[in-house]
Amino acid sequence: MAVKKGKNEKKDKKLTPLMKNKLLFAFVVIMAVFLFLVISLVMINIKSGKEYEQVVLAQQGSNSSPIPYRRGDILDSNGTTLATTKKIYNLILEPKNILEKDENKEATVAALKKYFGFTDTEIADLLENENSYYEIAKKNLEYDQVKPFKDFLETEEGYKVTGVLFEEKYERVYPNNELACHLIGYTIGTNDGQGGIEGAYDEYLNGSNGREYTYINDDNSVAKSIEAPTNGYNLVTSIDSNVQAIVQEKVENYMATEGAANVSVLVMDPKTCNILALYNSHGYNPNDAYDIDAVRYQFKTDEEFEDFKENATDEETVDALAKVWRNFVVSDVFEPGSTYKTFTIAGALEEAVVDENYTHVCDGGEQVDTYYIQCHIAGYGSVHGELNLSGALENSCNDVLMDIAKKEGATTFDKYQKLFGFGQATNVDIPGEPSDADFETVIYHEDTLNVTELATSSFGQGVCVSMIQLCTAFCSVINGGYYYEPSVVQRIEDEDGNIIDNLENVLVRRTVSKETSDIMRQQLFMVVEQGTGRKAAVEGYTIGGKTGTAEKLPRGNGKYMISFIGFAPVEDPQVVIYVVVDEPNTPDQSTSAASSYLFADIAVELFPYMNIYKSNDNFELDPSEAPDEVATPIYDGEVPSNDVAGGEENPYVSESEEGTTESTEETEENYEEEYYEEEYYEEEYYEEDYY
């Protein structure tokens, strides 16, 4: 009998083909979305994993500390370290962790007292902030001070010490103290290079910090994540620290026994214009560039200096330090005097305006326009008489040089000023060199070389140069006519010694022919053999060179800039030494041969070190018979109010009249900012970078 289903009973349902298709479609969509999310997470991890890792770490109660990079070393040509970076340590305490357990606190306090000499009172002060995770307990610890404590931590007893860590940082160190300070420069803090190579190559010497992250995992274990730092590059220079030391010793001896307002020396390789040594008599220790004792020379008495130290304003202190930091060889201009005759004669020879058979009669001076301009021999109440070209250079005759310049004319004379690099920057790789625009104004050019300016420029008065300019130009005269950019840094290497860049010497142009260069070398040799440079002679060596005695402003004040630039050996020049003595301490500065004597004093030790061999068997010198280049006041009678190129805008003129220059003031503004910011650099590392 059939049973009827109740009215409310539901019929059995079956999945229809349509429903099956809908479920399949939904499943496929869900799987596709899931697959998309997985792929997206993988891509995000590849592209931004580090960024999100740091976010996660921050959310897990992590902290971080910087891993400082190491600033690159500066090395001399022999591999001697001139500047390096030493790792030092700051002792950091975490009061929160130290105080958490009495057992750990007791062990930690005992270890701190034993290994670092803390007293109970000092430790109590350091742990006063009970919730702190960062208290600087000691700064600038050496490795030898840290190692015994770290070794103790590895022992069973040391295992109980907690909440103590070391923050590593670097400190810039100059092992040779003042040696080559104006070449090397210094740093503010550790990594902000100022002056010299430190400033010029700051971007190469610096690297980038790494960072160490410490965090708690989900299982409450401590884990670390490290981003390694990138260290700076090392610089290999042309500086020879032995040459630098010889120069420094000789100048220091001279300053101690004779003295002058300033002595500067530049030593170069004439074949490449690489700088071997550079020295200014008033230096500083780059390890403590702000040491005020370095400015002592600026005061006549100890009492004045002590008063300055006690009462000087910050601005006055910075002004005094800026004078110490300033690099005379590169940054300052002055009238070179008779060393400039080298270039007047070389240009005249090259243009065939004169030849080796040229002669002129010196009668003591020339009437030029409204001025009577004297030859230096007038100081003896005498005349040179008839001189040939070599004799004019040997005797440093102003009269002959004025005649040669007149024959050249303003156009040719200015052509060779430009070829020899005067009126333009050398582009030496040391900061502080004036710009082309600044140099342009301190020599007379064709449009301003009137008869008087042409006459005085011929023997190096009225025109202004820097030491680096004149020495570079002189190298081209004696090396066959090749003018190179002067340079210091020769090679850039990474920390493993791999060469990043070889900095090739840059040949800028030819100045004169080999034939002219050969003639000039021989004539400069005769200057030392039997002319005004005889006091620069060194027994056994063939030396060429030129004296210079420039009357400073205002004319007739009895103040002179004395110089000598020389080279050896004459047959194949290996080294050029340029010595400038500003206002030697002598009753009559105009007759001083200080620069020639100092050149010889340096050369007698330098030549053997550089393996320059003796080749002059005809050496005979009685210093009492060696002539001086006595500097007679330029003008006899009427004196121009200002006969220097650029007039009042010339920094040499401003310095003579006011004791400062506009460019100096700008430099000092920069130094003042550095002075005020020095402590900022120190604090920034501790306050900002740790967390």
# chains A, B, ... in the order shown; residues from 1 in each chain; ligands from 1
call {"tool": "closest_atom_pairs", "arguments": {"of": "region 577-609 of chain A", "to": "region 463-482 of chain A", "cutoff": "10 Å", "atoms": "only C-alpha atoms", "output": "JSON lines"}}
result
{"residue": "A:Ile577", "atom": "CA", "partner": "A:Cys471", "partner_atom": "CA", "distance": 8.4}
{"residue": "A:Tyr578", "atom": "CA", "partner": "A:Cys471", "partner_atom": "CA", "distance": 6.8}
{"residue": "A:Val579", "atom": "CA", "partner": "A:Met467", "partner_atom": "CA", "distance": 9.0}
{"residue": "A:Val580", "atom": "CA", "partner": "A:Met467", "partner_atom": "CA", "distance": 8.3}
call {"tool": "write_last_selection", "arguments": {"atoms": "C-alpha atoms", "output": "PDB file, in the first residue's frame"}}
result
ATOM      1  CA  ILE A 577     112.037  73.930  -4.441  1.00  0.00           C
ATOM      2  CA  TYR A 578     110.345  77.317  -4.070  1.00  0.00           C
ATOM      3  CA  VAL A 579     111.080  79.295  -0.894  1.00  0.00           C
ATOM      4  CA  VAL A 580     109.318  82.545   0.036  1.00  0.00           C
TER       5      VAL A 580
END
call {"tool": "closest_residue", "arguments": {"among": "A:Phe308, A:Phe567, A:Phe116, A:Tyr213", "to": "Pro148 (chain A)", "atoms": "only C-alpha atoms"}}
result
A:Phe116
call {"tool": "atom_distance", "arguments": {"atom1": "CA of Asn285 (chain A)", "atom2": "CA of Tyr597 (chain A)"}}
result
27.6 Å
call {"tool": "select_by_dssp", "arguments": {"residues": "region 62-272 of chain A", "states": "strand (DSSP E or B)", "output": "PyMOL selection string"}}
result
chain A and resi 63-67+74-75+81-93+135-141+164-173+186-188+192-194+208+210-216+222-227+230+234-237+260-269
call {"tool": "closest_atom_pairs", "arguments": {"of": "region 149-221 of chain A", "to": "region 329-353 of chain A", "cutoff": "12 Å", "atoms": "only C-alpha atoms", "output": "JSON lines"}}
result
{"residue": "A:His182", "atom": "CA", "partner": "A:Val329", "partner_atom": "CA", "distance": 9.2}
{"residue": "A:Leu183", "atom": "CA", "partner": "A:Val330", "partner_atom": "CA", "distance": 9.9}
{"residue": "A:Gly195", "atom": "CA", "partner": "A:Val330", "partner_atom": "CA", "distance": 11.3}
{"residue": "A:Gly196", "atom": "CA", "partner": "A:Val330", "partner_atom": "CA", "distance": 10.2}
call {"tool": "write_last_selection", "arguments": {"atoms": "C-alpha atoms", "output": "tab-separated table (two decimals), in the first residue's frame"}}
result
chain	number	residue	atom	x	y	z
A	182	HIS	CA	97.95	72.50	5.23
A	183	LEU	CA	98.12	69.73	2.64
A	195	GLY	CA	90.71	72.16	4.12
A	196	GLY	CA	93.41	70.26	2.28
call {"tool": "closest_residue", "arguments": {"among": "A:Cys181, A:Val451, A:Ile188, A:Leu276", "to": "Arg326 (chain A)", "atoms": "only C-alpha atoms"}}
result
A:Cys181
call {"tool": "atom_distance", "arguments": {"atom1": "CA of Asp355 (chain A)", "atom2": "CA of Gly545 (chain A)"}}
result
20.1 Å
call {"tool": "select_by_dssp", "arguments": {"residues": "region 380-590 of chain A", "states": "alpha helix (DSSP H)", "output": "MDAnalysis selection string"}}
result
chainID A and resid 389:394 398:419 436:440 451:458 467:478 514:530
call {"tool": "residues_around", "arguments": {"residues": "region 168-175 of chain A", "least_positions_apart": "6", "cutoff": "7 Å", "atoms": "only C-alpha atoms", "output": "list in words"}}
result
Pro68, Arg70, Leu82, Ala83, Thr84, Thr85, Lys86, Lys87, Ile88, Tyr89, Asn90, Thr190, Pro286 and Asn287 of chain A
call {"tool": "residues_around", "arguments": {"residues": "region 552-556 of chain A", "least_positions_apart": "5", "cutoff": "7 Å", "atoms": "only C-alpha atoms", "output": "PyMOL selection string"}}
result
chain A and resi 561+633+656
